[in-house]
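*Asks:* Contents are CSV, C-alpha atoms; file name structure.csv:
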chain,number,residue,atom,x,y,z
A,479,MET,CA,35.9,-16.1,4.0
A,480,PRO,CA,35.7,-12.7,5.3
A,481,LEU,CA,36.3,-10.4,2.3
A,482,LEU,CA,38.4,-7.5,3.3
A,483,ARG,CA,38.6,-4.2,1.4
A,484,ILE,CA,41.6,-2.3,2.6
A,485,ASP,CA,42.0,1.4,1.7
A,486,VAL,CA,45.2,3.3,2.5
A,487,ILE,CA,46.8,6.6,1.5
A,488,LYS,CA,49.6,6.4,-1.1
A,489,GLY,CA,53.1,6.5,0.3
A,490,ARG,CA,54.0,3.0,1.5
A,491,SER,CA,56.6,0.8,-0.4
A,492,GLU,CA,55.6,-2.5,-1.9
A,493,GLU,CA,57.3,-4.3,0.9
A,494,GLU,CA,55.4,-2.2,3.5
A,495,LEU,CA,52.1,-2.9,1.8
A,496,LYS,CA,52.9,-6.6,1.7
A,497,THR,CA,53.6,-6.6,5.4
A,498,LEU,CA,50.4,-4.6,6.1
A,499,LEU,CA,48.3,-7.2,4.2
A,500,GLN,CA,50.0,-10.0,6.1
A,501,ALA,CA,49.5,-8.3,9.5
A,502,ILE,CA,45.8,-7.8,8.8
A,503,HIS,CA,45.4,-11.4,7.7
A,504,ASP,CA,47.2,-12.8,10.7
A,505,ALA,CA,45.0,-10.8,13.1
A,506,MET,CA,41.9,-12.0,11.2
A,507,VAL,CA,42.9,-15.7,11.4
A,508,LEU,CA,43.8,-15.3,15.1
A,509,SER,CA,40.4,-13.7,15.9
A,510,PHE,CA,38.1,-15.8,13.9
A,511,ARG,CA,40.0,-19.1,14.0
A,512,VAL,CA,39.6,-19.7,10.3
A,513,PRO,CA,42.0,-21.6,8.0
A,514,ASP,CA,45.1,-19.7,7.0
A,515,ARG,CA,44.1,-19.9,3.3
A,516,ASP,CA,40.8,-18.2,4.1
A,517,ARG,CA,42.3,-15.0,2.7
A,518,TYR,CA,40.4,-12.6,0.5
A,519,GLN,CA,41.9,-9.1,0.5
A,520,VAL,CA,41.6,-6.2,-2.0
A,521,LEU,CA,43.9,-3.3,-1.3
A,522,THR,CA,43.4,0.2,-2.9
A,523,GLU,CA,45.7,3.1,-2.5
A,524,HIS,CA,44.3,6.7,-2.7
A,525,ASP,CA,45.6,10.2,-2.9
A,526,ALA,CA,45.3,11.9,0.4
A,527,GLY,CA,42.4,14.1,-0.6
A,528,ARG,CA,40.3,11.1,-1.8
A,529,MET,CA,40.1,9.4,1.6
A,530,ILE,CA,38.8,11.5,4.4
A,531,LEU,CA,38.4,9.8,7.8
A,532,GLU,CA,37.6,12.1,10.6
A,533,ASP,CA,36.8,11.1,14.2
A,534,THR,CA,33.2,11.7,15.1
A,535,GLY,CA,34.4,13.9,17.9
A,536,LEU,CA,36.4,11.2,19.6
A,537,GLY,CA,39.5,13.4,19.6
A,538,PHE,CA,41.7,11.3,17.3
A,539,GLU,CA,44.3,12.8,14.9
A,540,ARG,CA,44.5,10.7,11.8
A,541,SER,CA,47.8,10.6,10.0
A,542,HIS,CA,48.8,9.6,6.5
A,543,LYS,CA,49.2,6.0,7.8
A,544,THR,CA,45.4,5.7,8.2
A,545,VAL,CA,44.1,2.2,7.3
A,546,LEU,CA,40.4,1.6,6.5
A,547,ILE,CA,39.2,-2.0,6.7
A,548,HIS,CA,35.8,-2.8,5.3
A,549,MET,CA,34.9,-6.4,6.1
A,550,THR,CA,32.1,-8.5,4.6
A,551,THR,CA,31.6,-11.7,6.7
A,552,ARG,CA,29.2,-14.3,7.8
A,553,ARG,CA,27.8,-13.7,11.2
A,554,ARG,CA,30.4,-13.2,14.0
A,555,SER,CA,29.6,-12.6,17.6
A,556,GLU,CA,30.3,-9.2,19.3
A,557,GLU,CA,33.1,-10.8,21.2
A,558,GLU,CA,34.8,-12.1,18.0
A,559,LYS,CA,34.5,-8.7,16.4
A,560,GLN,CA,35.9,-6.9,19.4
A,561,SER,CA,38.7,-9.4,19.5
A,562,PHE,CA,39.4,-8.8,15.9
A,563,TYR,CA,39.6,-5.0,16.4
A,564,ARG,CA,42.0,-5.4,19.2
A,565,ASN,CA,44.2,-7.9,17.5
A,566,LEU,CA,44.2,-5.9,14.3
A,567,VAL,CA,45.3,-2.6,16.0
A,568,GLN,CA,48.0,-4.5,17.9
A,569,SER,CA,49.3,-6.3,14.8
A,570,LEU,CA,49.3,-3.1,12.7
A,571,GLU,CA,51.1,-1.1,15.4
A,572,GLU,CA,53.8,-3.7,16.1
A,573,ARG,CA,54.5,-4.8,12.6
A,574,CYS,CA,53.7,-1.7,10.5
A,575,SER,CA,54.0,1.2,13.0
A,576,VAL,CA,50.4,2.2,12.3
A,577,PRO,CA,49.2,4.4,15.3
A,578,PRO,CA,46.2,2.8,17.1
A,579,GLU,CA,44.1,5.9,16.3
A,580,ASP,CA,44.6,5.3,12.6
A,581,VAL,CA,42.7,2.1,12.2
A,582,VAL,CA,39.1,2.4,11.2
A,583,ILE,CA,36.9,-0.8,10.7
A,584,SER,CA,33.4,-1.3,9.4
A,585,CYS,CA,31.8,-4.8,9.1
A,586,VAL,CA,28.8,-6.0,7.1
A,587,GLU,CA,27.3,-9.4,7.6
A,588,ASN,CA,25.8,-11.8,5.2
A,589,SER,CA,24.8,-15.5,5.1
A,590,ASP,CA,25.9,-19.0,3.9
A,591,ALA,CA,24.2,-18.6,0.5
A,592,ASP,CA,26.1,-15.3,-0.2
A,593,TRP,CA,29.4,-16.9,-0.9
A,594,SER,CA,30.8,-18.7,-3.9
A,595,PHE,CA,34.6,-19.4,-3.9
A,596,GLY,CA,34.8,-21.0,-7.3
A,597,HIS,CA,33.2,-23.3,-9.8
A,598,GLY,CA,29.9,-21.5,-9.4
A,599,LYS,CA,29.0,-23.4,-6.2
A,600,ALA,CA,27.9,-22.0,-2.9
A,601,GLN,CA,30.3,-24.0,-0.8
A,602,PHE,CA,28.7,-23.2,2.5
A,603,LEU,CA,25.5,-24.8,1.2
A,604,THR,CA,27.0,-27.8,-0.6
A,605,GLY,CA,28.8,-28.9,2.5
A,606,GLU,CA,32.2,-28.4,0.9
A,607,LEU,CA,32.9,-25.8,3.6
B,494,MET,CA,19.3,-3.0,-9.3
B,495,PRO,CA,22.0,-5.2,-8.1
B,496,LEU,CA,25.1,-3.1,-7.8
B,497,LEU,CA,28.1,-5.1,-8.8
B,498,ARG,CA,31.7,-4.2,-7.8
B,499,ILE,CA,34.0,-6.2,-10.0
B,500,ASP,CA,37.7,-6.5,-9.2
B,501,VAL,CA,40.3,-8.0,-11.5
B,502,ILE,CA,44.0,-8.1,-11.9
B,503,LYS,CA,45.5,-5.8,-14.6
B,504,GLY,CA,46.4,-7.4,-17.9
B,505,ARG,CA,43.2,-7.5,-19.9
B,506,SER,CA,42.7,-5.4,-23.0
B,507,GLU,CA,39.8,-2.8,-23.2
B,508,GLU,CA,37.9,-5.2,-25.4
B,509,GLU,CA,38.4,-8.1,-23.0
B,510,LEU,CA,37.2,-5.9,-20.1
B,511,LYS,CA,34.1,-4.9,-22.1
B,512,THR,CA,33.3,-8.5,-22.9
B,513,LEU,CA,33.8,-9.4,-19.3
B,514,LEU,CA,31.4,-6.8,-18.0
B,515,GLN,CA,28.8,-7.8,-20.6
B,516,ALA,CA,29.2,-11.5,-19.8
B,517,ILE,CA,28.6,-10.8,-16.1
B,518,HIS,CA,25.6,-8.6,-16.8
B,519,ASP,CA,24.0,-11.2,-19.1
B,520,ALA,CA,24.4,-13.9,-16.4
B,521,MET,CA,22.8,-11.6,-13.9
B,522,VAL,CA,19.9,-10.7,-16.1
B,523,LEU,CA,19.3,-14.4,-16.9
B,524,SER,CA,19.4,-15.4,-13.2
B,525,PHE,CA,17.3,-12.7,-11.6
B,526,ARG,CA,15.0,-11.9,-14.6
B,527,VAL,CA,15.5,-8.2,-14.3
B,528,PRO,CA,15.3,-5.6,-17.1
B,529,ASP,CA,18.3,-5.5,-19.4
B,530,ARG,CA,18.9,-1.8,-18.3
B,531,ASP,CA,19.1,-2.9,-14.7
B,532,ARG,CA,22.8,-2.5,-14.9
B,533,TYR,CA,25.1,-1.0,-12.2
B,534,GLN,CA,28.7,-2.1,-12.6
B,535,VAL,CA,31.9,-0.7,-11.3
B,536,LEU,CA,35.1,-2.3,-12.4
B,537,THR,CA,38.5,-1.8,-10.8
B,538,GLU,CA,41.8,-3.2,-11.9
B,539,HIS,CA,44.5,-4.0,-9.4
B,540,ASP,CA,48.2,-4.9,-9.5
B,541,ALA,CA,48.6,-8.6,-8.7
B,542,GLY,CA,49.9,-8.1,-5.2
B,543,ARG,CA,46.9,-5.9,-4.2
B,544,MET,CA,44.3,-8.6,-4.7
B,545,ILE,CA,44.9,-11.8,-2.8
B,546,LEU,CA,42.3,-14.4,-3.2
B,547,GLU,CA,43.2,-17.8,-1.8
B,548,ASP,CA,41.0,-20.9,-1.5
B,549,THR,CA,40.0,-21.6,2.1
B,550,GLY,CA,41.6,-25.0,1.6
B,551,LEU,CA,39.3,-26.0,-1.2
B,552,GLY,CA,42.2,-26.9,-3.4
B,553,PHE,CA,41.8,-24.2,-6.1
B,554,GLU,CA,44.7,-22.6,-7.9
B,555,ARG,CA,43.9,-19.0,-8.7
B,556,SER,CA,45.4,-17.5,-11.8
B,557,HIS,CA,45.9,-13.9,-13.0
B,558,LYS,CA,42.4,-14.2,-14.5
B,559,THR,CA,40.7,-14.2,-11.2
B,560,VAL,CA,37.5,-12.2,-11.0
B,561,LEU,CA,35.9,-11.0,-7.7
B,562,ILE,CA,32.3,-10.0,-7.8
B,563,HIS,CA,30.9,-8.2,-4.8
B,564,MET,CA,27.1,-7.8,-5.3
B,565,THR,CA,24.7,-5.6,-3.3
B,566,THR,CA,21.1,-6.6,-3.9
B,567,ARG,CA,17.6,-6.7,-2.5
B,568,ARG,CA,16.7,-10.0,-1.1
B,569,ARG,CA,17.2,-13.0,-3.5
B,570,SER,CA,16.4,-16.6,-2.7
B,571,GLU,CA,19.1,-19.2,-2.2
B,572,GLU,CA,18.0,-20.7,-5.5
B,573,GLU,CA,18.4,-17.5,-7.4
B,574,LYS,CA,21.8,-16.9,-6.0
B,575,GLN,CA,23.0,-20.4,-6.8
B,576,SER,CA,21.6,-20.0,-10.3
B,577,PHE,CA,23.5,-16.7,-10.6
B,578,TYR,CA,26.8,-18.4,-9.5
B,579,ARG,CA,26.4,-21.2,-12.0
B,580,ASN,CA,25.4,-18.9,-14.9
B,581,LEU,CA,28.2,-16.5,-14.1
B,582,VAL,CA,30.9,-19.1,-14.1
B,583,GLN,CA,29.6,-20.6,-17.3
B,584,SER,CA,29.3,-17.2,-19.0
B,585,LEU,CA,32.8,-16.2,-17.9
B,586,GLU,CA,34.3,-19.4,-19.0
B,587,GLU,CA,32.7,-19.5,-22.4
B,588,ARG,CA,33.1,-15.9,-23.4
B,589,CYS,CA,36.2,-14.8,-21.5
B,590,SER,CA,38.1,-18.0,-20.9
B,591,VAL,CA,38.0,-17.4,-17.1
B,592,PRO,CA,38.7,-20.8,-15.4
B,593,PRO,CA,35.7,-21.8,-13.1
B,594,GLU,CA,38.0,-21.8,-10.1
B,595,ASP,CA,38.8,-18.2,-10.7
B,596,VAL,CA,35.4,-16.7,-9.9
B,597,VAL,CA,34.8,-15.5,-6.4
B,598,ILE,CA,31.4,-14.0,-5.4
B,599,SER,CA,30.1,-12.4,-2.3
B,600,CYS,CA,26.6,-10.9,-1.9
B,601,VAL,CA,25.2,-8.4,0.6
B,602,GLU,CA,21.4,-7.9,0.9
B,603,ASN,CA,19.5,-4.7,1.5
B,604,SER,CA,15.9,-3.4,1.2
B,605,ASP,CA,13.6,-1.4,-0.8
B,606,ALA,CA,14.4,1.9,1.0
B,607,ASP,CA,18.1,1.4,0.3
B,608,TRP,CA,18.0,2.4,-3.3
B,609,SER,CA,17.7,5.6,-5.2
B,610,PHE,CA,18.4,5.5,-8.9
B,611,GLY,CA,18.1,9.3,-9.6
B,612,HIS,CA,16.2,12.4,-8.8
B,613,GLY,CA,16.6,11.8,-5.1
B,614,LYS,CA,13.7,9.3,-5.0
B,615,ALA,CA,13.6,5.8,-3.5
B,616,GLN,CA,11.9,4.3,-6.6
B,617,PHE,CA,11.1,1.0,-4.9
B,618,LEU,CA,9.0,2.9,-2.4
B,619,THR,CA,7.4,5.4,-4.7
B,620,GLY,CA,6.1,2.7,-6.9
B,621,GLU,CA,8.1,3.8,-9.9
B,622,LEU,CA,9.8,0.4,-9.8
C,821,MET,CA,29.7,7.0,11.1
C,822,PRO,CA,28.2,6.3,7.8
C,823,LEU,CA,31.0,5.1,5.5
C,824,LEU,CA,30.5,6.5,2.1
C,825,ARG,CA,32.2,5.0,-1.0
C,826,ILE,CA,31.9,7.5,-3.8
C,827,ASP,CA,32.6,6.5,-7.4
C,828,VAL,CA,32.8,9.0,-10.2
C,829,ILE,CA,34.0,9.2,-13.8
C,830,LYS,CA,37.4,10.9,-14.4
C,831,GLY,CA,37.3,14.5,-15.5
C,832,ARG,CA,36.7,16.7,-12.5
C,833,SER,CA,39.4,19.0,-11.2
C,834,GLU,CA,40.8,18.6,-7.7
C,835,GLU,CA,38.8,21.6,-6.6
C,836,GLU,CA,35.6,20.2,-8.1
C,837,LEU,CA,36.2,16.8,-6.3
C,838,LYS,CA,36.8,18.6,-3.1
C,839,THR,CA,33.5,20.5,-3.4
C,840,LEU,CA,31.7,17.3,-4.4
C,841,LEU,CA,32.9,15.5,-1.2
C,842,GLN,CA,31.9,18.5,0.9
C,843,ALA,CA,28.5,18.7,-0.7
C,844,ILE,CA,27.9,15.0,0.0
C,845,HIS,CA,29.0,15.3,3.5
C,846,ASP,CA,26.8,18.3,4.2
C,847,ALA,CA,23.8,16.6,2.9
C,848,MET,CA,24.5,13.6,5.1
C,849,VAL,CA,25.0,15.6,8.2
C,850,LEU,CA,21.8,17.5,7.5
C,851,SER,CA,19.8,14.3,7.0
C,852,PHE,CA,21.1,12.2,9.8
C,853,ARG,CA,21.9,14.9,12.3
C,854,VAL,CA,25.3,13.5,13.1
C,855,PRO,CA,28.3,15.4,14.3
C,856,ASP,CA,30.2,17.3,11.6
C,857,ARG,CA,33.3,15.2,12.2
C,858,ASP,CA,31.3,12.0,11.5
C,859,ARG,CA,33.0,11.9,8.1
C,860,TYR,CA,34.2,8.8,6.4
C,861,GLN,CA,34.5,9.1,2.7
C,862,VAL,CA,36.5,7.2,0.1
C,863,LEU,CA,36.4,8.6,-3.4
C,864,THR,CA,37.5,6.6,-6.5
C,865,GLU,CA,37.7,7.9,-10.0
C,866,HIS,CA,37.1,5.6,-13.0
C,867,ASP,CA,37.6,5.6,-16.7
C,868,ALA,CA,34.2,6.0,-18.4
C,869,GLY,CA,34.0,2.3,-19.5
C,870,ARG,CA,34.6,1.0,-16.0
C,871,MET,CA,31.5,2.5,-14.4
C,872,ILE,CA,28.3,1.5,-16.1
C,873,LEU,CA,25.1,2.9,-14.5
C,874,GLU,CA,22.0,2.4,-16.6
C,875,ASP,CA,18.4,3.2,-15.6
C,876,THR,CA,16.3,0.1,-15.0
C,877,GLY,CA,14.0,1.4,-17.6
C,878,LEU,CA,13.2,4.6,-15.7
C,879,GLY,CA,14.1,6.8,-18.7
C,880,PHE,CA,17.1,8.5,-17.3
C,881,GLU,CA,20.1,9.6,-19.4
C,882,ARG,CA,23.3,9.4,-17.4
C,883,SER,CA,26.1,11.8,-18.2
C,884,HIS,CA,29.8,11.8,-17.4
C,885,LYS,CA,28.9,13.6,-14.2
C,886,THR,CA,27.3,10.5,-12.7
C,887,VAL,CA,27.9,10.0,-9.0
C,888,LEU,CA,27.5,6.6,-7.3
C,889,ILE,CA,27.3,6.6,-3.5
C,890,HIS,CA,27.5,3.4,-1.6
C,891,MET,CA,26.8,4.0,2.0
C,892,THR,CA,27.3,1.6,4.9
C,893,THR,CA,25.5,2.8,8.0
C,894,ARG,CA,23.8,1.7,11.2
C,895,ARG,CA,20.0,1.4,11.0
C,896,ARG,CA,18.3,4.5,9.6
C,897,SER,CA,14.5,4.9,9.1
C,898,GLU,CA,12.9,5.0,5.7
C,899,GLU,CA,12.2,8.7,6.3
C,900,GLU,CA,15.8,9.5,7.1
C,901,LYS,CA,17.0,7.7,4.0
C,902,GLN,CA,14.5,9.4,1.8
C,903,SER,CA,15.5,12.8,3.3
C,904,PHE,CA,19.2,11.9,2.6
C,905,TYR,CA,18.4,11.1,-1.1
C,906,ARG,CA,16.6,14.4,-1.5
C,907,ASN,CA,19.2,16.6,0.3
C,908,LEU,CA,22.0,14.9,-1.6
C,909,VAL,CA,20.5,15.4,-5.0
C,910,GLN,CA,19.7,19.1,-4.2
C,911,SER,CA,23.2,19.7,-2.8
C,912,LEU,CA,25.0,18.1,-5.7
C,913,GLU,CA,22.9,20.0,-8.2
C,914,GLU,CA,23.3,23.4,-6.6
C,915,ARG,CA,26.9,23.2,-5.7
C,916,CYS,CA,28.4,20.8,-8.3
C,917,SER,CA,26.0,21.1,-11.2
C,918,VAL,CA,25.3,17.3,-11.1
C,919,PRO,CA,22.0,16.6,-12.9
C,920,PRO,CA,19.4,15.0,-10.5
C,921,GLU,CA,19.2,12.0,-12.8
C,922,ASP,CA,23.0,11.4,-12.3
C,923,VAL,CA,22.9,10.5,-8.6
C,924,VAL,CA,22.7,6.8,-7.8
C,925,ILE,CA,22.6,5.7,-4.1
C,926,SER,CA,22.7,2.3,-2.5
C,927,CYS,CA,22.8,1.7,1.3
C,928,VAL,CA,23.7,-1.3,3.4
C,929,GLU,CA,23.0,-1.4,7.1
C,930,ASN,CA,25.0,-2.9,10.0
C,931,SER,CA,25.0,-2.7,13.8
C,932,ASP,CA,26.7,-1.2,16.8
C,933,ALA,CA,29.3,-3.9,17.0
C,934,ASP,CA,30.3,-3.4,13.4
C,935,TRP,CA,32.3,-0.2,13.9
C,936,SER,CA,35.7,0.6,15.3
C,937,PHE,CA,36.9,4.2,14.8
C,938,GLY,CA,40.3,3.7,16.4
C,939,HIS,CA,42.3,2.1,19.2
C,940,GLY,CA,40.7,-1.3,18.5
C,941,LYS,CA,37.6,-0.4,20.4
C,942,ALA,CA,34.0,-0.7,19.3
C,943,GLN,CA,33.0,2.8,20.4
C,944,PHE,CA,29.2,2.2,20.0
C,945,LEU,CA,29.5,-0.7,22.5
C,946,THR,CA,31.9,0.9,25.0
C,947,GLY,CA,29.7,4.0,25.4
C,948,GLU,CA,32.3,6.4,24.0
C,949,LEU,CA,29.8,7.1,21.2
Could I get this file's structure written as structure tokens?
*Replies:*
Amino acid sequence: MPLLRIDVIKGRSEEELKTLLQAIHDAMVLSFRVPDRDRYQVLTEHDAGRMILEDTGLGFERSHKTVLIHMTTRRRSEEEKQSFYRNLVQSLEERCSVPPEDVVISCVENSDADWSFGHGKAQFLTGEL
Amino acid sequence: MPLLRIDVIKGRSEEELKTLLQAIHDAMVLSFRVPDRDRYQVLTEHDAGRMILEDTGLGFERSHKTVLIHMTTRRRSEEEKQSFYRNLVQSLEERCSVPPEDVVISCVENSDADWSFGHGKAQFLTGEL
Amino acid sequence: MPLLRIDVIKGRSEEELKTLLQAIHDAMVLSFRVPDRDRYQVLTEHDAGRMILEDTGLGFERSHKTVLIHMTTRRRSEEEKQSFYRNLVQSLEERCSVPPEDVVISCVENSDADWSFGHGKAQFLTGEL
């Protein structure tokens, strides 16, 4: 159920993008222990000048490989989120050669009533999920 | 005032997209009883591989007609949201032939101070709305 | 740390878009007193029919210069947000000739644990920020 908006800079091949989405998904499943088909990803590619991610003074250098992940999710604990950040960076580095300083994540939480996965039902309220 | 981000897979004509946006808007107005000009929609089309919506094990098959609606809104009751989901799916099926299993919705709530509709004012705080 | 999604209608030059992003950033820094490198912007251009922003009956006429700003941020006071709206509209009018009635803003708040700026760490929790 987390919905992940993923923004990257243009330049990756179709195959690289596919691997990127899979690596992100696998890190999410591992961190939140959700079903494998709990996958809701939207990827958008941008020209370099349309996606500006600096570093708040932390001393990072961002490259053209930068990945922004904007996640909407039901409540998750601080531990789960931190686990997700770690697993995500590791997965992206190992499988997609994304430098650890190139992964920016922002989460927004919502509630059971805020999701409908089809048929106009709120499946977290109906008991289907 | 709800802001609706609508993501679809490429393949619809301009006319079909126009009808889709109108059908979504009408369902929203009906469900939340807002003014007709309370319309804030942003539509983005994606290549098929850039928008992956699975089913969390619910048993849905998604087609190329899948519609993702990501709504930012002030607080709405569970009843209002569920009404919105039902009206939306019905409207999209009747007017756009979108299968009921192809409509995914996620909501995020915010507050009065979180909106400015123009002129740099927070119209829910100033009393203009 | 605010993450700003900025949506506009196609038609501006690269230089105009660059100035637009800078004007938005400067207004944000001024309003929230954050470091200058606290910059996280994603800009998307849309065909006119894909971005429909009406006026909730307030009597605005939107032009092709309309700018939608969707901000995700840690908690900000009502005063800070209202200051941001004012500074933003002023900055966009003076530097980009965007009419004051063409600036629509929506905010969503999150928490310290909801941000990771790199290396898989939640820098607001670790004390790095």
*Asks:* Per residue of chain B within 10 Å of chain C, which atom pair is closest and at what distance in Å (one decimal), using all atoms listed in the file, listed by chain and increasing number, as CSV?
*Replies:*
residue,atom,partner,partner_atom,distance
B:Met494,CA,C:Thr876,CA,7.1
B:Pro495,CA,C:Ser926,CA,9.4
B:Leu496,CA,C:Ser926,CA,7.9
B:Leu497,CA,C:Ile872,CA,9.8
B:Arg498,CA,C:Met871,CA,9.4
B:Ile499,CA,C:Arg870,CA,9.4
B:Glu507,CA,C:Gly869,CA,8.6
B:Leu510,CA,C:Arg870,CA,8.4
B:Lys511,CA,C:Gly869,CA,7.7
B:Leu514,CA,C:Arg870,CA,8.7
B:Val527,CA,C:Thr876,CA,8.4
B:Pro528,CA,C:Thr876,CA,6.2
B:Asp529,CA,C:Thr876,CA,7.4
B:Arg530,CA,C:Thr876,CA,4.6
B:Asp531,CA,C:Thr876,CA,4.1
B:Arg532,CA,C:Glu874,CA,5.2
B:Tyr533,CA,C:Leu873,CA,4.5
B:Gln534,CA,C:Ile872,CA,5.0
B:Val535,CA,C:Met871,CA,4.5
B:Leu536,CA,C:Arg870,CA,4.9
B:Thr537,CA,C:Arg870,CA,7.1
B:Glu538,CA,C:Arg870,CA,9.3
B:Thr565,CA,C:Val928,CA,8.0
B:Thr566,CA,C:Ser926,CA,9.2
B:Val601,CA,C:Val928,CA,7.8
B:Glu602,CA,C:Val928,CA,7.4
B:Asn603,CA,C:Val928,CA,5.7
B:Ser604,CA,C:Val928,CA,8.4
B:Asp605,CA,C:Glu898,CA,9.1
B:Ala606,CA,C:Glu898,CA,5.8
B:Asp607,CA,C:Cys927,CA,4.8
B:Trp608,CA,C:Ser926,CA,4.8
B:Ser609,CA,C:Ile925,CA,5.0
B:Phe610,CA,C:Val924,CA,4.6
B:Gly611,CA,C:Glu921,CA,4.3
B:His612,CA,C:Pro920,CA,4.5
B:Gly613,CA,C:Arg906,CA,4.4
B:Lys614,CA,C:Tyr905,CA,6.4
B:Ala615,CA,C:Gln902,CA,6.5
B:Gln616,CA,C:Leu878,CA,9.2
B:Leu618,CA,C:Glu898,CA,9.2
B:Glu621,CA,C:Leu878,CA,7.8
B:Leu622,CA,C:Leu878,CA,8.0
*Asks:* Could you please determine the separation between CA of Arg511 in chain A and CA of Leu570 in chain A in Å, to one decimal place?
*Replies:* 18.6 Å
*Asks:* Hey, can you check how far CA of Glu509 in chain B sits from CA of Gly831 in chain C?
*Replies:* 23.8 Å
*Asks:* Could you tell me how far CA of Ser509 in chain A sits from CA of Gly947 in chain C, in Å to one decimal place?
*Replies:*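 Value for the CA of Gly947 in chain C-CA of Ser509 in chain A distance: 22.8 Å.
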*Asks:* Which is closer to Ile487 in chain A than all the others in A:His542, A:Arg552, A:His503, A:Arg573, using only C-alpha atoms?
*Replies:* A:His542
